[in-house]
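Text of start-v2.cif (mmCIF, C-alpha atoms) as supplied:
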data_run
#
loop_
_atom_site.label_atom_id
_atom_site.label_comp_id
_atom_site.auth_asym_id
_atom_site.auth_seq_id
_atom_site.Cartn_x
_atom_site.Cartn_y
_atom_site.Cartn_z
CA MET A 1 79.36 117.11 122.10
CA GLN A 2 78.51 114.08 120.01
CA HIS A 3 80.99 113.23 117.25
CA SER A 4 83.67 115.60 118.59
CA ILE A 5 87.04 115.30 116.85
CA ASP A 6 90.48 116.33 118.06
CA SER A 7 92.08 117.59 114.84
CA HIS A 8 95.67 117.61 116.09
CA GLN A 9 97.56 115.18 118.33
CA HIS A 10 100.76 113.16 118.19
CA PHE A 11 102.15 109.73 119.07
CA TRP A 12 105.70 108.54 119.46
CA SER A 13 107.71 105.61 120.68
CA TYR A 14 110.48 107.61 122.22
CA GLU A 15 114.09 107.29 121.18
CA PRO A 16 116.29 110.33 121.92
CA SER A 17 118.10 110.18 118.58
CA LEU A 18 114.80 110.32 116.68
CA TYR A 19 113.33 113.24 118.60
CA PRO A 20 116.20 115.68 119.20
CA TRP A 21 113.73 118.52 119.79
CA ILE A 22 112.58 116.84 122.99
CA ASP A 23 115.11 118.32 125.38
CA GLY A 24 115.47 121.06 127.99
CA GLU A 25 112.05 122.24 129.13
CA LEU A 26 110.43 119.66 126.86
CA ALA A 27 112.20 116.79 128.66
CA PRO A 28 108.93 115.54 130.25
CA LEU A 29 107.89 114.52 126.73
CA GLY A 30 110.81 112.09 126.57
CA ARG A 31 108.77 108.91 126.95
CA ASP A 32 106.31 106.87 124.92
CA PHE A 33 102.96 108.46 124.10
CA LEU A 34 100.77 105.85 122.44
CA PRO A 35 97.08 105.23 121.68
CA ALA A 36 96.58 103.39 124.96
CA ASP A 37 97.63 106.56 126.78
CA LEU A 38 95.25 108.82 124.88
CA ALA A 39 92.15 106.62 124.56
CA PRO A 40 90.89 107.05 128.16
CA VAL A 41 91.45 110.82 127.98
CA LEU A 42 89.35 111.01 124.82
CA ALA A 43 86.59 108.97 126.42
CA GLU A 44 86.58 111.30 129.43
CA HIS A 45 85.98 114.29 127.13
CA SER A 46 83.56 112.55 124.73
CA ILE A 47 85.97 112.82 121.81
CA ALA A 48 84.95 110.33 119.11
CA GLY A 49 88.15 110.43 117.07
CA THR A 50 91.41 112.18 116.30
CA VAL A 51 93.83 113.17 113.58
CA ALA A 52 97.37 111.95 114.31
CA VAL A 53 100.00 114.38 113.03
CA GLN A 54 103.64 113.69 112.22
CA ALA A 55 106.26 114.62 114.82
CA ARG A 56 109.43 113.80 112.87
CA GLN A 57 110.32 114.12 109.22
CA ASP A 58 110.63 110.50 108.29
CA ARG A 59 108.54 108.35 105.99
CA ASP A 60 108.83 105.43 108.42
CA GLU A 61 107.02 107.42 111.09
CA THR A 62 104.18 108.09 108.65
CA LEU A 63 103.84 104.38 107.93
CA TRP A 64 103.90 103.66 111.67
CA LEU A 65 101.13 106.20 112.32
CA LEU A 66 99.06 104.54 109.60
CA GLN A 67 99.57 101.19 111.30
CA LEU A 68 98.32 102.71 114.55
CA ALA A 69 95.30 104.06 112.67
CA ASP A 70 94.56 100.59 111.29
CA ALA A 71 94.68 99.14 114.82
CA ASN A 72 92.64 101.94 116.43
CA PRO A 73 89.50 102.94 114.52
CA TRP A 74 89.20 106.18 116.48
CA ILE A 75 92.38 107.45 114.79
CA LEU A 76 90.34 108.78 111.89
CA GLY A 77 93.15 110.24 109.84
CA VAL A 78 96.90 110.80 109.64
CA VAL A 79 98.83 113.88 108.58
CA GLY A 80 102.18 112.42 107.58
CA TRP A 81 105.47 113.49 106.09
CA ILE A 82 107.05 112.84 102.73
CA ASP A 83 109.95 114.54 101.00
CA LEU A 84 108.06 117.19 99.07
CA ARG A 85 111.30 118.32 97.43
CA ALA A 86 111.98 114.89 95.95
CA GLN A 87 112.32 114.72 92.17
CA ASP A 88 109.55 112.09 92.08
CA VAL A 89 106.94 113.22 94.58
CA GLY A 90 104.52 110.79 92.97
CA ALA A 91 106.68 107.89 94.13
CA GLU A 92 106.88 109.43 97.61
CA LEU A 93 103.10 109.62 97.77
CA ALA A 94 102.70 106.08 96.44
CA ALA A 95 104.94 104.77 99.23
CA VAL A 96 102.55 106.04 101.90
CA ALA A 97 99.23 105.66 100.08
CA HIS A 98 96.52 104.65 102.55
CA PRO A 99 92.81 105.49 103.01
CA LYS A 100 93.55 107.18 106.33
CA LEU A 101 96.38 109.36 105.02
CA ARG A 102 94.53 112.65 104.83
CA GLY A 103 97.30 115.22 104.66
CA ILE A 104 101.00 116.06 104.60
CA ARG A 105 103.09 118.35 106.80
CA HIS A 106 106.64 119.65 106.74
CA VAL A 107 108.03 121.32 109.89
CA LEU A 108 108.28 124.73 108.28
CA GLN A 109 108.80 126.45 111.63
CA ASP A 110 112.33 125.03 111.61
CA GLU A 111 113.03 126.45 108.15
CA SER A 112 113.71 129.99 107.01
CA PRO A 113 110.72 131.94 105.63
CA GLU A 114 112.39 131.71 102.20
CA PHE A 115 112.04 127.92 102.27
CA LEU A 116 108.30 128.27 101.64
CA LEU A 117 109.08 129.78 98.25
CA ASP A 118 111.66 127.13 97.34
CA GLU A 119 110.89 125.93 93.83
CA ALA A 120 111.17 122.22 94.62
CA PHE A 121 109.05 122.54 97.77
CA GLN A 122 106.38 124.49 95.91
CA ARG A 123 106.34 121.88 93.16
CA GLY A 124 105.76 119.11 95.72
CA VAL A 125 102.99 120.98 97.51
CA GLY A 126 101.38 121.58 94.14
CA GLN A 127 100.87 117.84 93.67
CA LEU A 128 98.93 117.23 96.87
CA ALA A 129 95.51 118.38 95.72
CA THR A 130 95.58 115.97 92.77
CA ALA A 131 96.37 113.18 95.25
CA GLY A 132 93.31 114.10 97.30
CA LEU A 133 95.37 115.31 100.25
CA THR A 134 95.51 118.46 102.37
CA TYR A 135 98.46 120.40 103.74
CA ASP A 136 99.11 121.46 107.36
CA VAL A 137 101.05 124.74 107.57
CA LEU A 138 103.22 124.68 110.72
CA VAL A 139 104.82 128.13 110.98
CA TYR A 140 105.78 130.97 113.26
CA PRO A 141 104.45 134.51 112.71
CA GLN A 142 107.51 135.49 110.66
CA HIS A 143 106.58 132.82 108.10
CA LEU A 144 103.06 134.14 107.51
CA PRO A 145 103.79 136.50 104.59
CA ASN A 146 105.35 133.69 102.57
CA SER A 147 102.67 131.28 103.82
CA PHE A 148 100.14 133.60 102.20
CA THR A 149 101.97 133.31 98.89
CA LEU A 150 102.16 129.51 99.17
CA CYS A 151 98.43 129.23 99.93
CA GLU A 152 97.43 131.76 97.29
CA ASP A 153 99.46 129.92 94.65
CA ASN A 154 97.61 126.66 95.41
CA PRO A 155 93.91 127.63 95.38
CA GLU A 156 92.76 124.05 94.74
CA LEU A 157 94.58 122.72 97.80
CA TRP A 158 92.89 122.77 101.20
CA MET A 159 95.41 124.11 103.71
CA VAL A 160 95.23 124.67 107.45
CA ILE A 161 97.35 126.91 109.70
CA ASP A 162 98.47 124.87 112.71
CA HIS A 163 98.31 126.45 116.18
CA CYS A 164 97.11 129.84 114.87
CA ALA A 165 100.70 130.33 113.61
CA LYS A 166 101.99 130.44 117.21
CA PRO A 167 101.38 134.06 118.22
CA GLY A 168 103.46 135.65 120.97
CA ILE A 169 100.99 135.09 123.81
CA LYS A 170 103.67 134.99 126.50
CA THR A 171 104.86 138.50 125.64
CA GLY A 172 101.45 139.84 124.64
CA GLU A 173 102.66 140.63 121.14
CA LEU A 174 99.93 141.07 118.55
CA ARG A 175 101.40 142.68 115.45
CA PRO A 176 102.38 141.89 112.80
CA TRP A 177 100.83 138.46 113.57
CA SER A 178 97.32 139.90 113.77
CA ASP A 179 97.62 141.66 110.40
CA ASP A 180 99.14 138.64 108.69
CA ILE A 181 96.67 136.11 110.11
CA ARG A 182 93.76 138.28 108.97
CA ARG A 183 95.30 138.54 105.50
CA ILE A 184 95.79 134.80 105.09
CA ALA A 185 92.26 134.20 106.36
CA GLU A 186 90.99 136.06 103.29
CA LEU A 187 92.01 133.05 101.19
CA PRO A 188 89.00 130.69 100.93
CA ASN A 189 91.13 127.53 100.82
CA VAL A 190 92.76 128.20 104.21
CA LEU A 191 91.49 127.06 107.61
CA CYS A 192 93.02 127.42 111.07
CA LYS A 193 93.50 125.05 113.99
CA VAL A 194 92.67 126.44 117.41
CA SER A 195 95.43 124.39 118.96
CA GLY A 196 98.87 124.60 120.51
CA LEU A 197 98.17 127.87 122.30
CA VAL A 198 99.04 127.01 125.90
CA THR A 199 102.64 126.27 124.93
CA GLU A 200 102.92 129.79 123.47
CA ALA A 201 101.88 131.28 126.81
CA ALA A 202 103.67 131.33 130.19
CA TRP A 203 103.61 127.58 130.82
CA HIS A 204 103.06 127.60 134.56
CA SER A 205 101.15 130.83 135.10
CA TRP A 206 98.83 131.38 132.13
CA LYS A 207 95.24 132.41 132.67
CA PRO A 208 92.30 131.98 130.26
CA GLU A 209 92.11 135.73 129.72
CA ASP A 210 95.64 135.67 128.27
CA PHE A 211 94.22 134.05 125.13
CA LYS A 212 91.08 136.10 124.59
CA ILE A 213 92.42 138.73 122.18
CA TYR A 214 94.15 136.06 120.07
CA LEU A 215 91.03 133.91 119.92
CA ASP A 216 88.92 136.99 119.15
CA ILE A 217 91.15 137.70 116.15
CA VAL A 218 91.14 134.20 114.65
CA PHE A 219 87.41 133.68 115.24
CA GLU A 220 86.65 137.00 113.54
CA ALA A 221 89.10 136.37 110.70
CA PHE A 222 88.23 132.77 109.82
CA GLY A 223 84.63 132.52 110.97
CA PRO A 224 82.88 129.44 112.37
CA ASP A 225 83.23 127.30 109.24
CA ARG A 226 87.04 127.45 109.00
CA LEU A 227 88.24 126.75 112.54
CA MET A 228 88.86 123.40 114.21
CA PHE A 229 89.79 122.37 117.73
CA GLY A 230 93.03 120.50 118.32
CA SER A 231 94.65 119.53 121.62
CA ASP A 232 98.26 119.21 120.45
CA TRP A 233 98.52 116.32 122.92
CA PRO A 234 101.00 115.34 124.32
CA VAL A 235 103.01 118.50 123.60
CA CYS A 236 100.37 120.54 125.40
CA THR A 237 101.02 118.66 128.65
CA VAL A 238 104.14 120.70 129.40
CA ALA A 239 101.83 123.69 129.92
CA GLY A 240 98.42 122.23 130.67
CA SER A 241 96.37 119.06 130.90
CA TYR A 242 94.11 117.84 128.13
CA GLN A 243 91.19 118.96 130.26
CA GLN A 244 92.59 122.48 130.62
CA VAL A 245 93.22 122.80 126.88
CA HIS A 246 89.74 121.52 126.04
CA GLU A 247 88.07 123.73 128.65
CA LEU A 248 89.94 126.80 127.43
CA ILE A 249 88.25 126.60 124.03
CA ALA A 250 84.95 125.20 125.31
CA ASP A 251 84.61 128.06 127.79
CA TYR A 252 85.57 130.68 125.19
CA THR A 253 82.81 129.38 122.86
CA HIS A 254 80.26 128.79 125.62
CA ASP A 255 77.91 131.50 124.36
CA LEU A 256 78.04 130.47 120.70
CA ASN A 257 75.22 128.41 119.26
CA ASP A 258 75.32 124.62 119.20
CA GLY A 259 75.88 124.49 115.45
CA VAL A 260 79.00 126.66 115.63
CA ARG A 261 80.40 124.64 118.53
CA ALA A 262 79.67 121.36 116.74
CA ALA A 263 81.55 122.63 113.67
CA LEU A 264 84.53 123.79 115.73
CA PHE A 265 84.76 120.59 117.76
CA GLY A 266 84.35 118.14 114.89
CA GLY A 267 82.34 119.10 111.84
CA ASN A 268 84.98 121.30 110.22
CA ALA A 269 87.75 118.75 110.75
CA ARG A 270 85.53 116.03 109.36
CA ARG A 271 84.85 118.08 106.23
CA PHE A 272 88.41 119.35 105.77
CA TYR A 273 90.12 115.97 106.11
CA GLY A 274 87.29 113.86 104.70
CA LEU A 275 87.01 111.81 107.88
CA GLU A 276 84.57 109.02 108.57
CA LEU A 277 83.60 108.24 112.15
CA PRO A 278 83.66 104.52 113.08
CA ASP A 279 79.89 104.45 113.52
CA ALA A 280 79.14 106.62 110.47
#
What is this file in C-alpha cells?
Amino acid sequence: MQHSIDSHQHFWSYEPSLYPWIDGELAPLGRDFLPADLAPVLAEHSIAGTVAVQARQDRDETLWLLQLADANPWILGVVGWIDLRAQDVGAELAAVAHPKLRGIRHVLQDESPEFLLDEAFQRGVGQLATAGLTYDVLVYPQHLPNSFTLCEDNPELWMVIDHCAKPGIKTGELRPWSDDIRRIAELPNVLCKVSGLVTEAAWHSWKPEDFKIYLDIVFEAFGPDRLMFGSDWPVCTVAGSYQQVHELIADYTHDLNDGVRAALFGGNARRFYGLELPDA
C-alpha cells in the first residue's frame, strides 16, 4: 500500500546498563538495532516511514532518536520521554523541542495502576496538548480503568493505547480486558495501535487464529478511523519476523475495503501524529 506507515518501532545502541529489561528470554534483543537494520525491511514491505518510540526513560535517548530522524527522512516522527512529574514540565519540553517530536510516552506498564492518577504525572500530561504533542499509553490490562480516567480528564489531548493494552493472548483471557478496552474506546480522543501482539502470545507456537477474537474486539470498539498498524520492531522479533507481524494484520484485514486498509496502515498514524511523508 502506497504511503504505508509503521506507527511503532524502536532503535537502540545496546549497552546492558541502559536496557536492564533486555534479559532472560529477551536476550536476543541485546545488540544494536539501528536505522540501517530496519531500512531494507521497510523497503521490502513498501513502508514509506515510521514512528520511532522511546525504549528507555531518559531525555538523552529522546535527543538521540531525534538525531536519527534528522539523518533518516523516513523516520517521520519520534515519541520520546521527558519527566512529566518535573516541577517545570515546560523546561523539559523545551529541552527536546523538535519538529519531529510528535508525542511523549512513559513506561506505565512498569508502574502501579495508581501511578496514572498521581497528581504530578497528571499535571505533566495535561500540558502536552498545549505543546502540540500526543501521548502514547503503554499499559497492561490492569491499568485500563485508571487509563480511562486519565484519558477522560484530558479530552483535548490525542492519546493512543499501545499494543491494544497487551491482552492475555497466551492464556486466552478476554475479560476484564475486553470490557475495559471497549469502555476506553468510547472516548473520542483515544486511538489504539494494532501492535505488539505476537509477544503476548505463545512466542514459538502462535497461530493467526489465536489473535482473531482480540482483533475483532478492538476493530469493533475503535472502528477504522482510530486504529493504526505498528510492528513493535525489533521487540517483535523474539516471537515473529517483521513479515509475519505485517502479514498477520494484512491477512486479517484482507476483506476490508481499500480505504479502511489505507487508514490502518498509514492514514490514521499520519493524522494522529501530524506526520509528513518525505515526498509529500
**Asked** Taking the file as shown, what set of residues would the PyMOL selection byres ((chain A and resi 229) around 6) give back, as a ChimeraX atom specification?
**Response** /A:193-194,228,230,264-265
**Request:** Expand the PyMOL selection byres ((chain A and resi 30-43) around 10) into the individual residues it matches in the shown file, reporting them as a ChimeraX atom specification.
**Result:** /A:4-6,9-16,19-23,26-29,44-50,52,68-69,71-72,74-75,233-234,242-243
**From A:Glu173, A:Asp110, A:Asp153, A:Asp232, residue lying nearest Asp210 (chain A) [all atoms listed in the file]** = A:Glu173
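If you measure from each of A:Ile169, A:Ala129, A:Ala221, A:Leu117 to Pro208 (chain A) using all atoms listed in the file, the closest one turns out to be A:Ile169.
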**Message:** Just to confirm, what's the straight-line distance from CA of Asp136 (chain A) to CA of Gly103 (chain A) in Å (one decimal)?
**Reply:**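 Between CA of Asp136 (chain A) and CA of Gly103 (chain A) the gap works out to 7.0 Å.
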